[in-house]
>>> print(open('input-v7.pdb').read())   # PDB, C-alpha atoms, pLDDT in the B column
ATOM      1  CA  MET K  30      99.582 122.489  74.568  1.00 55.00           C
ATOM      2  CA  THR K  31      98.649 121.825  78.181  1.00 61.00           C
ATOM      3  CA  ASP K  32      99.459 123.742  81.333  1.00 69.00           C
ATOM      4  CA  LYS K  33      99.590 120.675  83.531  1.00 75.00           C
ATOM      5  CA  THR K  34     102.573 120.349  85.818  1.00 70.00           C
ATOM      6  CA  GLN K  35     104.376 117.033  85.913  1.00 67.00           C
ATOM      7  CA  ARG K  36     105.274 115.668  89.318  1.00 64.00           C
ATOM      8  CA  PHE K  37     108.717 114.293  89.862  1.00 59.00           C
ATOM      9  CA  ARG K  38     109.229 112.173  92.945  1.00 60.00           C
ATOM     10  CA  ILE K  39     112.621 111.108  94.244  1.00 57.00           C
ATOM     11  CA  PRO K  40     112.563 108.072  96.527  1.00 60.00           C
ATOM     12  CA  THR K  41     113.779 108.764 100.045  1.00 64.00           C
ATOM     13  CA  ASN K  42     116.793 106.998 101.524  1.00 62.00           C
ATOM     14  CA  SER K  43     114.402 105.037 103.710  1.00 76.00           C
ATOM     15  CA  GLU K  44     112.461 103.774 100.688  1.00 73.00           C
ATOM     16  CA  LEU K  45     115.649 102.778  98.887  1.00 81.00           C
ATOM     17  CA  GLU K  46     117.032 101.046 101.981  1.00 88.00           C
ATOM     18  CA  ASN K  47     113.735  99.212 102.516  1.00 87.00           C
ATOM     19  CA  LYS K  48     113.772  98.022  98.924  1.00 88.00           C
ATOM     20  CA  VAL K  49     117.319  96.680  99.246  1.00 93.00           C
ATOM     21  CA  ILE K  50     116.497  94.924 102.520  1.00 94.00           C
ATOM     22  CA  LEU K  51     113.281  93.450 101.139  1.00 94.00           C
ATOM     23  CA  LYS K  52     115.137  92.072  98.106  1.00 96.00           C
ATOM     24  CA  GLN K  53     117.775  90.496 100.365  1.00 97.00           C
ATOM     25  CA  VAL K  54     115.089  88.902 102.537  1.00 97.00           C
ATOM     26  CA  TYR K  55     113.217  87.710  99.428  1.00 97.00           C
ATOM     27  CA  ASN K  56     116.387  86.098  98.054  1.00 98.00           C
ATOM     28  CA  ALA K  57     117.193  84.406 101.368  1.00 98.00           C
ATOM     29  CA  LEU K  58     113.685  82.938 101.579  1.00 98.00           C
ATOM     30  CA  GLU K  59     113.874  81.759  97.982  1.00 98.00           C
ATOM     31  CA  GLU K  60     117.287  80.148  98.573  1.00 98.00           C
ATOM     32  CA  LYS K  61     115.809  78.155 101.463  1.00 97.00           C
ATOM     33  CA  GLY K  62     112.914  76.943  99.303  1.00 97.00           C
ATOM     34  CA  TYR K  63     110.132  79.065 100.829  1.00 97.00           C
ATOM     35  CA  ASP K  64     107.495  81.045  98.942  1.00 97.00           C
ATOM     36  CA  PRO K  65     108.982  84.503  99.614  1.00 97.00           C
ATOM     37  CA  VAL K  66     105.809  86.483  98.955  1.00 96.00           C
ATOM     38  CA  SER K  67     103.693  84.375 101.311  1.00 97.00           C
ATOM     39  CA  GLN K  68     106.333  84.461 104.033  1.00 97.00           C
ATOM     40  CA  ILE K  69     106.817  88.233 103.807  1.00 96.00           C
ATOM     41  CA  VAL K  70     103.048  88.835 103.812  1.00 95.00           C
ATOM     42  CA  GLY K  71     102.740  86.595 106.869  1.00 96.00           C
ATOM     43  CA  TYR K  72     105.406  88.622 108.617  1.00 95.00           C
ATOM     44  CA  ILE K  73     103.837  91.968 107.693  1.00 93.00           C
ATOM     45  CA  LEU K  74     100.391  90.895 108.889  1.00 93.00           C
ATOM     46  CA  SER K  75     101.508  89.265 112.135  1.00 94.00           C
ATOM     47  CA  GLU K  76     104.874  90.859 112.930  1.00 90.00           C
ATOM     48  CA  ASP K  77     105.950  87.327 113.849  1.00 94.00           C
ATOM     49  CA  PRO K  78     109.629  87.069 112.864  1.00 94.00           C
ATOM     50  CA  THR K  79     109.457  83.279 112.555  1.00 95.00           C
ATOM     51  CA  TYR K  80     107.936  83.780 109.091  1.00 97.00           C
ATOM     52  CA  ILE K  81     111.413  84.911 108.004  1.00 97.00           C
ATOM     53  CA  THR K  82     114.405  82.601 107.838  1.00 96.00           C
ATOM     54  CA  THR K  83     117.614  83.366 109.696  1.00 96.00           C
ATOM     55  CA  HIS K  84     119.526  82.415 106.531  1.00 97.00           C
ATOM     56  CA  ASN K  85     121.786  85.293 105.390  1.00 96.00           C
ATOM     57  CA  ASN K  86     120.660  87.305 108.416  1.00 96.00           C
ATOM     58  CA  ALA K  87     117.245  87.872 106.779  1.00 97.00           C
ATOM     59  CA  ARG K  88     115.299  87.891 110.048  1.00 96.00           C
ATOM     60  CA  SER K  89     117.483  90.624 111.535  1.00 95.00           C
ATOM     61  CA  LEU K  90     117.323  92.624 108.321  1.00 95.00           C
ATOM     62  CA  ILE K  91     113.530  92.621 108.024  1.00 94.00           C
ATOM     63  CA  ARG K  92     113.206  93.839 111.597  1.00 93.00           C
ATOM     64  CA  LYS K  93     115.054  97.029 110.583  1.00 91.00           C
ATOM     65  CA  ILE K  94     112.051  98.007 108.446  1.00 91.00           C
ATOM     66  CA  ASP K  95     109.102  99.777 110.040  1.00 90.00           C
ATOM     67  CA  ARG K  96     106.063  97.734 108.961  1.00 90.00           C
ATOM     68  CA  ASP K  97     103.768 100.752 108.605  1.00 89.00           C
ATOM     69  CA  GLU K  98     106.332 102.502 106.451  1.00 86.00           C
ATOM     70  CA  LEU K  99     106.776  99.359 104.367  1.00 87.00           C
ATOM     71  CA  LEU K 100     103.025  99.047 103.800  1.00 89.00           C
ATOM     72  CA  GLN K 101     102.839 102.687 102.739  1.00 87.00           C
ATOM     73  CA  ASP K 102     105.723 102.161 100.294  1.00 83.00           C
ATOM     74  CA  LEU K 103     104.126  99.011  98.870  1.00 85.00           C
ATOM     75  CA  VAL K 104     100.707 100.594  98.379  1.00 90.00           C
ATOM     76  CA  THR K 105     102.247 103.715  96.849  1.00 87.00           C
ATOM     77  CA  SER K 106     104.342 101.613  94.493  1.00 84.00           C
ATOM     78  CA  TYR K 107     101.356  99.499  93.475  1.00 87.00           C
ATOM     79  CA  ILE K 108      99.128 102.501  92.809  1.00 90.00           C
ATOM     80  CA  GLU K 109     101.775 104.415  90.833  1.00 81.00           C
ATOM     81  CA  LYS K 110     102.321 101.576  88.349  1.00 62.00           C
TER      82      LYS K 110
END
>>> encode(input="input-v7.pdb", output="structure tokens")
Amino acid sequence: MTDKTQRFRIPTNSELENKVILKQVYNALEEKGYDPVSQIVGYILSEDPTYITTHNNARSLIRKIDRDELLQDLVTSYIEK
């Protein structure tokens, strides 16, 4: 028997909203024939919205996400897996 405490983490509304937006942007890029991962990375690194298509309002959607917050969420998600 161990006395270790398990941590339970509930995603914040911001994280859930960011995930939904990112999936919508990903799908819009894919529908237009772009490599979604490369385009999203380009946007995150440069903050240049032209990396994101206007199809399905994806460019407006991605601008709702704070890039620093998104990077923190991505790194956290990657490390926790």
>>> closest_residue(input="input-v7.pdb", among="K:Ile81, K:Ile73, K:Leu103, K:Leu90", to="Leu58 in chain K", atoms="only C-alpha atoms")
K:Ile81
>>> closest_residue(input="input-v7.pdb", among="K:Glu109, K:Tyr80, K:Ala87, K:Asp102", to="Lys52 in chain K", atoms="all atoms listed in the file")
K:Ala87
>>> residues_around(input="input-v7.pdb", residues="Asp97 in chain K", least_positions_apart="3", cutoff="12 Å", atoms="all atoms listed in the file", output="list in words")
Asn47, Ile73, Leu74, Glu76, Ile94, Leu100, Gln101, Asp102, Leu103 and Val104 of chain K
>>> atom_distance(input="input-v7.pdb", atom1="CA of Arg96 in chain K", atom2="CA of Tyr63 in chain K")
20.8 Å
>>> resolve_selection(input="input-v7.pdb", expression="the PyMOL selection byres ((chain K and resi 66) around 12)", output="PyMOL selection string")
chain K and resi 51-52+54-59+62-65+67-73+80-81
>>> atom_distance(input="input-v7.pdb", atom1="CA of Glu46 in chain K", atom2="CA of Asn85 in chain K")
16.8 Å
>>> closest_residue(input="input-v7.pdb", among="K:Leu99, K:Ile108, K:Gln53, K:Lys33", to="Thr82 in chain K", atoms="only C-alpha atoms")
K:Gln53
>>> closest_residue(input="input-v7.pdb", among="K:Ser89, K:Thr79, K:Glu98, K:Glu60", to="Glu44 in chain K", atoms="all atoms listed in the file")
K:Glu98
>>> atom_distance(input="input-v7.pdb", atom1="CA of Arg88 in chain K", atom2="CA of Ser106 in chain K")
23.5 Å
>>> axis_aligned_box(input="input-v7.pdb", around="range 45-62 of chain K", padding_each_side="5 Å", output="lines of an AutoDock Vina configuration file")
center_x = 115.3
center_y = 89.9
center_z = 100.3
size_x = 14.9
size_y = 35.8
size_z = 14.6
>>> decode(input="input-v7.pdb", residues="range 56-72 of chain K", atoms="C-alpha atoms", output="PDB file, in the first residue's frame")
ATOM      1  CA  ASN K  56     -10.114  20.879 -40.250  1.00  0.00           C
ATOM      2  CA  ALA K  57     -10.422  24.057 -42.324  1.00  0.00           C
ATOM      3  CA  LEU K  58      -6.753  23.870 -43.329  1.00  0.00           C
ATOM      4  CA  GLU K  59      -7.094  20.195 -44.196  1.00  0.00           C
ATOM      5  CA  GLU K  60     -10.218  20.865 -46.290  1.00  0.00           C
ATOM      6  CA  LYS K  61      -8.267  23.429 -48.321  1.00  0.00           C
ATOM      7  CA  GLY K  62      -5.435  20.957 -48.942  1.00  0.00           C
ATOM      8  CA  TYR K  63      -2.820  22.485 -46.617  1.00  0.00           C
ATOM      9  CA  ASP K  64      -0.618  20.621 -44.144  1.00  0.00           C
ATOM     10  CA  PRO K  65      -2.463  21.739 -40.987  1.00  0.00           C
ATOM     11  CA  VAL K  66       0.373  21.056 -38.554  1.00  0.00           C
ATOM     12  CA  SER K  67       2.924  23.032 -40.568  1.00  0.00           C
ATOM     13  CA  GLN K  68       0.532  25.931 -41.075  1.00  0.00           C
ATOM     14  CA  ILE K  69      -0.436  26.118 -37.396  1.00  0.00           C
ATOM     15  CA  VAL K  70       3.216  25.914 -36.304  1.00  0.00           C
ATOM     16  CA  GLY K  71       4.055  28.701 -38.749  1.00  0.00           C
ATOM     17  CA  TYR K  72       1.313  30.829 -37.256  1.00  0.00           C
TER      18      TYR K  72
END
